[in-house]
Amino acid sequence: MQTKYIFVTGGVVSSLGKGIISASIGKLLQARGYKVTIQKFDPYINIDPGTLNPYEHGECYVTADGMETDLDLGHYERFTGIETTCHNSITTGRIYKTVIDRERHGDYLGKTIQVVPHITDEIKRRMLREDVEGEALDFVITEVGGTIGDIESAPFMEAIRQLRWQLGHDSVCVHLTYVPYLKAADELKTKPTQHSVKELQGMGIQPDILVLRTERHLDDSLRMKVASFCNVDLECVVQSEDMDSIYEVPVNMQHQGLDAVILRNMGIPVGMTPPMTAWHQFLDKQSHAKREINVALVGKYDLQDAYKSIRESLNLAGTYNDVKVCIHFINSEHITRENICEQLDMMAGVVICPGFGNRGIDGKIIAAEYCRTHDIPTFGICLGMQMMVIEFARNVLGFTDANSTEMDSSTLHPVINLMEEQKSITNMGGTMRLGAYDCQLCKESHCYEAYDNTSTYIRERHRHRYEFNNEYQTVYESAGMKCVGINPTSHLVEIIEIADKHWYIGTQFHPEYSSTVLHPHPLFMSFIKACL
């Protein structure tokens, strides 16, 4: 089958859930046996989200090949199990940089470089994945960030307009809009959707399918009204109501025939509706989990999306352990020795979160000490692991000034130090240790048990510049903190744990990036079991 293309756009307001809808479409097509990939085109001029503040853009997700990307790629991977790459995340900055580099190289033979055709041609090339070799895909789903009418999105819309004519029935446009409910009038209003579609039509794009985001159920008469005003069939007007869980969205979309409508619009036989047995089993376990456990997230970003993958990984592991994980964010800037007991006393487990910079680290160190001395199951990730190392040095090894050179370059005991290959780097964007690296596990460790004793070799994703200082490895291990995961090539320490504690583990890598709905990460599974 020739590759088909699905474009997902959004209107009215942002944060409607285009990423969840895109991931749901991918999951439904996968269930029908098609090979799918999903890519995100973001209109901002940053080359990638790696230098963006989490308060502005949520977490930075990292692919296995080392690309810093938008958090929606995490949704894509969790829903579909696809391993995304640098080709699945494109920004305006990357597009323009490519075109400008070619112009500087002389590739355009003296032509005047313009948004149309040069920028739009590069966007089209990326949407068609012409720069990706060896792929044999049935469907490419392209989500465009932002909202219709944004000036930044105009080149992407023009590229889609051209591709719709070029591809014909091999492409469809799915447009996500919002139907607000006015309490005073007790009415659902379709006018914002009509204006959004009109804006899209003004750009030369007629949507094939409308997904209406709503907090209340939409009856057929309202859907018919939208269909008639927006020039689409009634079956092509699908509603996306608020669900108790985002993982119910694919099932809701399947019940309304979204995947079938997409196939019919492309002239593809629909066939039988796939049962999605494993997915329904997961949802059944999720809905029947009655027992609750409290888990603390100790971090400095008081924003849900800043730790999105960690939150989802905890929830997934909870479901498979038949419990509901109640996550409590604790701002590390507000933690003191005087209040740490009341902050953590009711917690079954604690995650010390990743991050960068000096802000909030004292609270993380205090939390690490409290968890270690009270034997609370503790999971430190990246900077969280480094704070566990620093706390141990200060309070067990007696190195009272121990620190990371990120925080104090003059410390006499740099137990966390800048990696050697990072010392000559001056640019900030895309220059960290990024992507998946090998790690060899010690067989006599909790971690080896967590990975089901299947192999001593694992491969996990990283995003950091600083690393455990191997000069201190012997003294740490003699005092009880073992280095149980080592990179076999660089000999960098990837995992530390205290064996005589119930569950006290820190990883330099980010296990949350590879936890999916059908395959929760083994370390999160083991952590939740320890919390129980």
# chains A, B, ... in the order shown; residues from 1 in each chain; ligands from 1

call {"tool": "residues_around", "arguments": {"residues": "range 458-465 of chain A", "least_positions_apart": "4", "cutoff": "7 Å", "atoms": "only C-alpha atoms", "output": "PyMOL selection string"}}
result
chain A and resi 64+418-419+422+432-440+509-511

call {"tool": "select_by_dssp", "arguments": {"residues": "range 128-300 of chain A", "states": "strand (DSSP E or B)", "output": "PDB file with C-alpha atoms, in the first residue's frame"}}
result
ATOM      1  CA  PHE A 139       0.484   5.904   7.606  1.00  0.00           C
ATOM      2  CA  VAL A 140       2.343   9.048   8.610  1.00  0.00           C
ATOM      3  CA  ILE A 141       0.434  11.153  11.154  1.00  0.00           C
ATOM      4  CA  THR A 142       1.568  14.770  11.341  1.00  0.00           C
ATOM      5  CA  GLU A 143       0.457  16.946  14.231  1.00  0.00           C
ATOM      6  CA  VAL A 144       0.955  20.697  13.798  1.00  0.00           C
ATOM      7  CA  SER A 171      -4.258  12.302   2.681  1.00  0.00           C
ATOM      8  CA  VAL A 172      -6.880  13.492   5.157  1.00  0.00           C
ATOM      9  CA  CYS A 173      -7.055  16.497   7.468  1.00  0.00           C
ATOM     10  CA  VAL A 174      -8.369  15.998  11.004  1.00  0.00           C
ATOM     11  CA  HIS A 175      -9.215  19.297  12.699  1.00  0.00           C
ATOM     12  CA  LEU A 176      -9.639  19.474  16.481  1.00  0.00           C
ATOM     13  CA  THR A 177     -11.785  22.310  17.836  1.00  0.00           C
ATOM     14  CA  TYR A 178     -13.611  23.287  21.005  1.00  0.00           C
ATOM     15  CA  TYR A 181     -20.673  25.315  27.299  1.00  0.00           C
ATOM     16  CA  LEU A 182     -22.156  28.612  28.519  1.00  0.00           C
ATOM     17  CA  GLU A 187     -26.135  26.023  25.877  1.00  0.00           C
ATOM     18  CA  LEU A 188     -23.303  24.451  23.952  1.00  0.00           C
ATOM     19  CA  ILE A 209     -12.921  15.121   9.860  1.00  0.00           C
ATOM     20  CA  LEU A 210     -13.769  17.296  12.852  1.00  0.00           C
ATOM     21  CA  VAL A 211     -13.013  16.217  16.418  1.00  0.00           C
ATOM     22  CA  LEU A 212     -14.997  18.362  18.834  1.00  0.00           C
ATOM     23  CA  ARG A 213     -13.457  18.741  22.280  1.00  0.00           C
ATOM     24  CA  THR A 214     -16.255  19.074  24.803  1.00  0.00           C
ATOM     25  CA  VAL A 237     -18.001  14.839  13.226  1.00  0.00           C
ATOM     26  CA  VAL A 238     -16.561  13.053  16.259  1.00  0.00           C
ATOM     27  CA  GLN A 239     -16.750  14.270  19.837  1.00  0.00           C
ATOM     28  CA  SER A 240     -13.928  14.026  22.349  1.00  0.00           C
ATOM     29  CA  GLU A 241     -15.496  14.245  25.785  1.00  0.00           C
ATOM     30  CA  ARG A 291      -6.490   0.651  46.876  1.00  0.00           C
ATOM     31  CA  GLU A 292      -4.602   3.947  46.912  1.00  0.00           C
ATOM     32  CA  ILE A 293      -1.000   4.740  47.776  1.00  0.00           C
ATOM     33  CA  ASN A 294       0.601   8.145  48.217  1.00  0.00           C
ATOM     34  CA  VAL A 295       3.798   8.920  46.322  1.00  0.00           C
ATOM     35  CA  ALA A 296       5.646  12.229  46.615  1.00  0.00           C
ATOM     36  CA  LEU A 297       7.317  13.996  43.706  1.00  0.00           C
ATOM     37  CA  VAL A 298      10.072  16.185  45.132  1.00  0.00           C
ATOM     38  CA  GLY A 299      11.008  18.802  42.518  1.00  0.00           C
TER      39      GLY A 299
END

call {"tool": "select_by_dssp", "arguments": {"residues": "range 223-449 of chain A", "states": "helix (DSSP H, G or I)", "output": "PyMOL selection string"}}
result
chain A and resi 223-230+234-236+246-255+258-265+277-288+304-320+332-334+340-344+361-373+383-397+420-422+446-449

call {"tool": "residues_around", "arguments": {"residues": "range 409-413 of chain A", "least_positions_apart": "2", "cutoff": "10 Å", "atoms": "only C-alpha atoms", "output": "compact mmCIF listing (two decimals) with all heavy atoms, in the first residue's frame"}}
result
# COMPACT_ATOMS: atom_id res chain seq x y z
N ILE A 390 25.21 13.13 46.83
CA ILE A 390 25.76 14.24 47.63
C ILE A 390 25.36 14.09 49.09
O ILE A 390 26.18 14.27 50.01
CB ILE A 390 25.29 15.59 47.05
CG1 ILE A 390 25.93 15.83 45.68
CG2 ILE A 390 25.61 16.73 48.01
CD1 ILE A 390 25.35 17.01 44.92
N ALA A 393 27.43 11.48 50.81
CA ALA A 393 28.80 11.95 51.06
C ALA A 393 28.85 12.85 52.28
O ALA A 393 29.76 12.74 53.12
CB ALA A 393 29.32 12.70 49.83
N ARG A 394 27.88 13.74 52.41
CA ARG A 394 27.90 14.69 53.53
C ARG A 394 27.59 14.03 54.87
O ARG A 394 28.24 14.33 55.89
CB ARG A 394 26.88 15.81 53.27
CG ARG A 394 27.24 16.73 52.11
CD ARG A 394 26.18 17.81 51.93
NE ARG A 394 26.49 18.68 50.79
CZ ARG A 394 25.72 19.70 50.39
NH1 ARG A 394 24.60 19.96 51.06
NH2 ARG A 394 26.06 20.44 49.36
N PHE A 399 32.07 14.00 54.27
CA PHE A 399 32.56 15.07 53.39
C PHE A 399 31.53 16.21 53.43
O PHE A 399 30.67 16.32 52.57
CB PHE A 399 32.75 14.58 51.96
CG PHE A 399 33.67 13.39 51.83
CD1 PHE A 399 33.48 12.46 50.81
CD2 PHE A 399 34.72 13.20 52.71
CE1 PHE A 399 34.33 11.37 50.67
CE2 PHE A 399 35.58 12.11 52.58
CZ PHE A 399 35.38 11.19 51.57
N THR A 400 31.61 17.04 54.43
CA THR A 400 30.53 18.00 54.69
C THR A 400 30.35 19.03 53.58
O THR A 400 29.26 19.62 53.46
CB THR A 400 30.79 18.74 56.01
OG1 THR A 400 32.09 19.35 55.96
CG2 THR A 400 30.71 17.77 57.19
N ASP A 401 31.40 19.28 52.78
CA ASP A 401 31.26 20.25 51.69
C ASP A 401 31.03 19.57 50.35
O ASP A 401 31.09 20.22 49.30
CB ASP A 401 32.50 21.15 51.61
CG ASP A 401 33.68 20.45 50.97
OD1 ASP A 401 33.82 19.22 51.19
OD2 ASP A 401 34.44 21.10 50.23
N ALA A 402 30.80 18.25 50.36
CA ALA A 402 30.61 17.52 49.10
C ALA A 402 29.51 18.16 48.26
O ALA A 402 28.49 18.62 48.78
CB ALA A 402 30.27 16.06 49.38
N ASN A 403 29.73 18.21 46.96
CA ASN A 403 28.76 18.87 46.08
C ASN A 403 29.00 18.43 44.65
O ASN A 403 29.91 17.66 44.35
CB ASN A 403 28.88 20.40 46.20
CG ASN A 403 27.53 21.09 46.06
OD1 ASN A 403 26.64 20.64 45.34
ND2 ASN A 403 27.36 22.22 46.76
N SER A 404 28.16 18.95 43.77
CA SER A 404 28.36 18.84 42.33
C SER A 404 29.06 20.10 41.85
O SER A 404 28.76 21.20 42.33
CB SER A 404 27.01 18.69 41.62
OG SER A 404 27.16 18.90 40.23
N THR A 405 29.97 19.96 40.90
CA THR A 405 30.63 21.15 40.37
C THR A 405 29.66 22.02 39.58
O THR A 405 29.98 23.17 39.27
CB THR A 405 31.83 20.77 39.48
OG1 THR A 405 31.39 19.84 38.47
CG2 THR A 405 32.94 20.13 40.31
N GLU A 406 28.48 21.50 39.27
CA GLU A 406 27.44 22.34 38.67
C GLU A 406 26.98 23.39 39.67
O GLU A 406 26.66 24.53 39.29
CB GLU A 406 26.25 21.48 38.24
CG GLU A 406 25.12 22.28 37.63
CD GLU A 406 23.89 21.44 37.28
OE1 GLU A 406 23.86 20.24 37.64
OE2 GLU A 406 22.97 21.98 36.65
N MET A 407 26.96 23.02 40.94
CA MET A 407 26.47 23.92 41.98
C MET A 407 27.60 24.70 42.66
O MET A 407 27.42 25.84 43.07
CB MET A 407 25.71 23.13 43.05
CG MET A 407 24.77 22.07 42.53
SD MET A 407 23.56 22.69 41.33
CE MET A 407 22.87 21.14 40.76
N VAL A 415 31.90 15.12 44.27
CA VAL A 415 31.42 13.74 44.07
C VAL A 415 30.59 13.62 42.79
O VAL A 415 30.42 12.52 42.24
CB VAL A 415 30.62 13.26 45.29
CG1 VAL A 415 31.53 13.14 46.51
CG2 VAL A 415 29.44 14.19 45.58
N ILE A 416 30.05 14.75 42.32
CA ILE A 416 29.40 14.82 41.00
C ILE A 416 30.20 15.84 40.19
O ILE A 416 30.39 16.97 40.63
CB ILE A 416 27.93 15.26 41.09
CG1 ILE A 416 27.13 14.31 41.99
CG2 ILE A 416 27.31 15.34 39.70
CD1 ILE A 416 27.01 12.89 41.49
N ASN A 417 30.68 15.42 39.03
CA ASN A 417 31.58 16.27 38.27
C ASN A 417 31.15 16.36 36.83
O ASN A 417 30.46 15.48 36.30
CB ASN A 417 33.00 15.72 38.36
CG ASN A 417 34.06 16.78 38.14
OD1 ASN A 417 33.75 17.95 37.91
ND2 ASN A 417 35.33 16.39 38.21
N LEU A 418 31.57 17.43 36.16
CA LEU A 418 31.29 17.60 34.75
C LEU A 418 31.99 16.51 33.96
O LEU A 418 33.17 16.22 34.18
CB LEU A 418 31.77 18.98 34.27
CG LEU A 418 31.47 19.36 32.82
CD1 LEU A 418 29.97 19.49 32.59
CD2 LEU A 418 32.17 20.68 32.46
N ASN A 469 31.43 10.96 40.14
CA ASN A 469 32.89 11.02 40.04
C ASN A 469 33.48 9.67 40.46
O ASN A 469 33.46 9.30 41.63
CB ASN A 469 33.42 12.14 40.95
CG ASN A 469 34.90 12.41 40.73
OD1 ASN A 469 35.63 11.58 40.22
ND2 ASN A 469 35.34 13.59 41.13
N TYR A 472 35.59 8.45 43.59
CA TYR A 472 35.01 8.20 44.91
C TYR A 472 34.30 6.85 44.99
O TYR A 472 33.71 6.52 46.03
CB TYR A 472 34.00 9.31 45.27
CG TYR A 472 34.65 10.66 45.53
CD1 TYR A 472 34.90 11.54 44.49
CD2 TYR A 472 35.01 11.03 46.82
CE1 TYR A 472 35.50 12.78 44.73
CE2 TYR A 472 35.61 12.26 47.08
CZ TYR A 472 35.85 13.13 46.03
OH TYR A 472 36.43 14.34 46.27

call {"tool": "residues_around", "arguments": {"residues": "range 68-73 of chain A", "least_positions_apart": "6", "cutoff": "8 Å", "atoms": "only C-alpha atoms", "output": "list in words"}}
result
Gly19, Ile20, Gln39, Lys40, Asp48, Pro49, Gly50, His57, Gly58, Glu59, Cys60, Tyr61, Val62, Thr84, Asn88, Ser89, Lys308, Gly430 and Leu434 of chain A

call {"tool": "residues_around", "arguments": {"residues": "Thr98 in chain A", "least_positions_apart": "5", "cutoff": "10 Å", "atoms": "only C-alpha atoms", "output": "ChimeraX atom specification"}}
result
/A:92-93,103,119,122

call {"tool": "write_last_selection", "arguments": {"atoms": "all heavy atoms", "output": "PDB file, in the first residue's frame"}}
result
ATOM      1  N   THR A  92      10.090  25.157  13.523  1.00  0.00           N
ATOM      2  CA  THR A  92      10.380  26.204  12.538  1.00  0.00           C
ATOM      3  C   THR A  92      11.873  26.505  12.513  1.00  0.00           C
ATOM      4  O   THR A  92      12.459  26.723  11.446  1.00  0.00           O
ATOM      5  CB  THR A  92       9.595  27.486  12.888  1.00  0.00           C
ATOM      6  OG1 THR A  92       8.200  27.241  12.683  1.00  0.00           O
ATOM      7  CG2 THR A  92      10.015  28.655  12.011  1.00  0.00           C
ATOM      8  N   GLY A  93      12.498  26.516  13.692  1.00  0.00           N
ATOM      9  CA  GLY A  93      13.933  26.786  13.762  1.00  0.00           C
ATOM     10  C   GLY A  93      14.745  25.809  12.943  1.00  0.00           C
ATOM     11  O   GLY A  93      15.684  26.204  12.227  1.00  0.00           O
ATOM     12  N   GLU A 103      21.458  27.809   1.604  1.00  0.00           N
ATOM     13  CA  GLU A 103      21.703  29.070   0.901  1.00  0.00           C
ATOM     14  C   GLU A 103      23.163  29.500   1.054  1.00  0.00           C
ATOM     15  O   GLU A 103      23.806  29.915   0.099  1.00  0.00           O
ATOM     16  CB  GLU A 103      20.767  30.152   1.452  1.00  0.00           C
ATOM     17  CG  GLU A 103      20.814  31.478   0.693  1.00  0.00           C
ATOM     18  CD  GLU A 103      21.905  32.392   1.210  1.00  0.00           C
ATOM     19  OE1 GLU A 103      22.258  32.298   2.396  1.00  0.00           O
ATOM     20  OE2 GLU A 103      22.438  33.194   0.400  1.00  0.00           O
ATOM     21  N   ILE A 119      10.836  27.617   2.051  1.00  0.00           N
ATOM     22  CA  ILE A 119      10.496  27.128   3.396  1.00  0.00           C
ATOM     23  C   ILE A 119       9.395  26.077   3.317  1.00  0.00           C
ATOM     24  O   ILE A 119       9.480  25.013   3.944  1.00  0.00           O
ATOM     25  CB  ILE A 119      10.063  28.296   4.306  1.00  0.00           C
ATOM     26  CG1 ILE A 119      11.217  29.286   4.513  1.00  0.00           C
ATOM     27  CG2 ILE A 119       9.561  27.762   5.642  1.00  0.00           C
ATOM     28  CD1 ILE A 119      12.437  28.705   5.175  1.00  0.00           C
ATOM     29  N   GLU A 122      10.669  22.739   2.111  1.00  0.00           N
ATOM     30  CA  GLU A 122      11.392  21.990   3.148  1.00  0.00           C
ATOM     31  C   GLU A 122      10.418  21.377   4.151  1.00  0.00           C
ATOM     32  O   GLU A 122      10.620  20.241   4.613  1.00  0.00           O
ATOM     33  CB  GLU A 122      12.388  22.905   3.863  1.00  0.00           C
ATOM     34  CG  GLU A 122      13.176  22.253   4.986  1.00  0.00           C
ATOM     35  CD  GLU A 122      14.028  21.077   4.533  1.00  0.00           C
ATOM     36  OE1 GLU A 122      14.326  20.959   3.320  1.00  0.00           O
ATOM     37  OE2 GLU A 122      14.395  20.254   5.406  1.00  0.00           O
TER      38      GLU A 122
END

call {"tool": "decode", "arguments": {"residues": "range 222-243 of chain A", "atoms": "N, CA, C and O atoms", "output": "short mmCIF file (atom, residue, chain, number, x, y, z; two decimals), in the first residue's frame"}}
result
data_model
loop_
_atom_site.label_atom_id
_atom_site.label_comp_id
_atom_site.auth_asym_id
_atom_site.auth_seq_id
_atom_site.Cartn_x
_atom_site.Cartn_y
_atom_site.Cartn_z
N LEU A 222 -26.77 18.68 17.26
CA LEU A 222 -25.66 19.64 17.32
C LEU A 222 -24.55 19.21 16.36
O LEU A 222 -23.97 20.04 15.65
N ARG A 223 -24.27 17.91 16.30
CA ARG A 223 -23.25 17.41 15.38
C ARG A 223 -23.68 17.67 13.93
O ARG A 223 -22.86 18.02 13.08
N MET A 224 -24.98 17.51 13.66
CA MET A 224 -25.49 17.77 12.31
C MET A 224 -25.33 19.24 11.95
O MET A 224 -24.99 19.59 10.81
N LYS A 225 -25.56 20.10 12.92
CA LYS A 225 -25.39 21.54 12.69
C LYS A 225 -23.94 21.84 12.31
O LYS A 225 -23.67 22.58 11.35
N VAL A 226 -23.00 21.27 13.04
CA VAL A 226 -21.57 21.47 12.74
C VAL A 226 -21.24 20.91 11.36
O VAL A 226 -20.54 21.54 10.56
N ALA A 227 -21.77 19.73 11.07
CA ALA A 227 -21.50 19.10 9.78
C ALA A 227 -21.98 19.96 8.62
O ALA A 227 -21.25 20.17 7.63
N SER A 228 -23.20 20.50 8.73
CA SER A 228 -23.77 21.27 7.63
C SER A 228 -23.06 22.61 7.45
O SER A 228 -22.85 23.07 6.32
N PHE A 229 -22.65 23.25 8.52
CA PHE A 229 -21.98 24.54 8.42
C PHE A 229 -20.50 24.40 8.02
O PHE A 229 -19.91 25.36 7.53
N CYS A 230 -19.94 23.24 8.23
CA CYS A 230 -18.50 23.07 7.99
C CYS A 230 -18.20 22.15 6.80
O CYS A 230 -17.03 21.79 6.57
N ASN A 231 -19.24 21.74 6.08
CA ASN A 231 -19.06 20.97 4.84
C ASN A 231 -18.41 19.61 5.05
O ASN A 231 -17.53 19.19 4.30
N VAL A 232 -18.85 18.89 6.10
CA VAL A 232 -18.38 17.52 6.30
C VAL A 232 -19.59 16.63 6.57
O VAL A 232 -20.67 17.10 6.93
N ASP A 233 -19.40 15.33 6.36
CA ASP A 233 -20.47 14.37 6.64
C ASP A 233 -20.68 14.23 8.15
O ASP A 233 -19.75 14.42 8.94
N LEU A 234 -21.89 13.83 8.54
CA LEU A 234 -22.21 13.67 9.96
C LEU A 234 -21.27 12.66 10.63
O LEU A 234 -20.81 12.88 11.75
N GLU A 235 -20.98 11.55 9.95
CA GLU A 235 -20.11 10.53 10.55
C GLU A 235 -18.69 11.04 10.75
O GLU A 235 -17.90 10.45 11.51
N CYS A 236 -18.37 12.17 10.08
CA CYS A 236 -17.03 12.75 10.19
C CYS A 236 -16.94 13.80 11.30
O CYS A 236 -15.92 14.47 11.44
N VAL A 237 -18.02 13.94 12.07
CA VAL A 237 -18.00 14.84 13.23
C VAL A 237 -17.96 13.97 14.48
O VAL A 237 -18.95 13.33 14.85
N VAL A 238 -16.81 13.93 15.12
CA VAL A 238 -16.56 13.05 16.26
C VAL A 238 -16.37 13.92 17.50
O VAL A 238 -15.76 14.99 17.43
N GLN A 239 -16.92 13.48 18.62
CA GLN A 239 -16.75 14.27 19.84
C GLN A 239 -15.72 13.63 20.77
O GLN A 239 -15.64 12.40 20.88
N SER A 240 -14.93 14.48 21.39
CA SER A 240 -13.93 14.03 22.35
C SER A 240 -14.30 14.60 23.71
O SER A 240 -13.93 15.72 24.06
N GLU A 241 -15.07 13.82 24.45
CA GLU A 241 -15.50 14.25 25.79
C GLU A 241 -14.37 14.03 26.80
O GLU A 241 -13.46 13.24 26.59
N ASP A 242 -14.47 14.73 27.92
CA ASP A 242 -13.53 14.51 29.01
C ASP A 242 -13.66 13.08 29.51
O ASP A 242 -14.76 12.58 29.74
N MET A 243 -12.52 12.41 29.66
CA MET A 243 -12.49 11.03 30.14
C MET A 243 -11.80 10.99 31.50
O MET A 243 -11.01 11.87 31.84
#
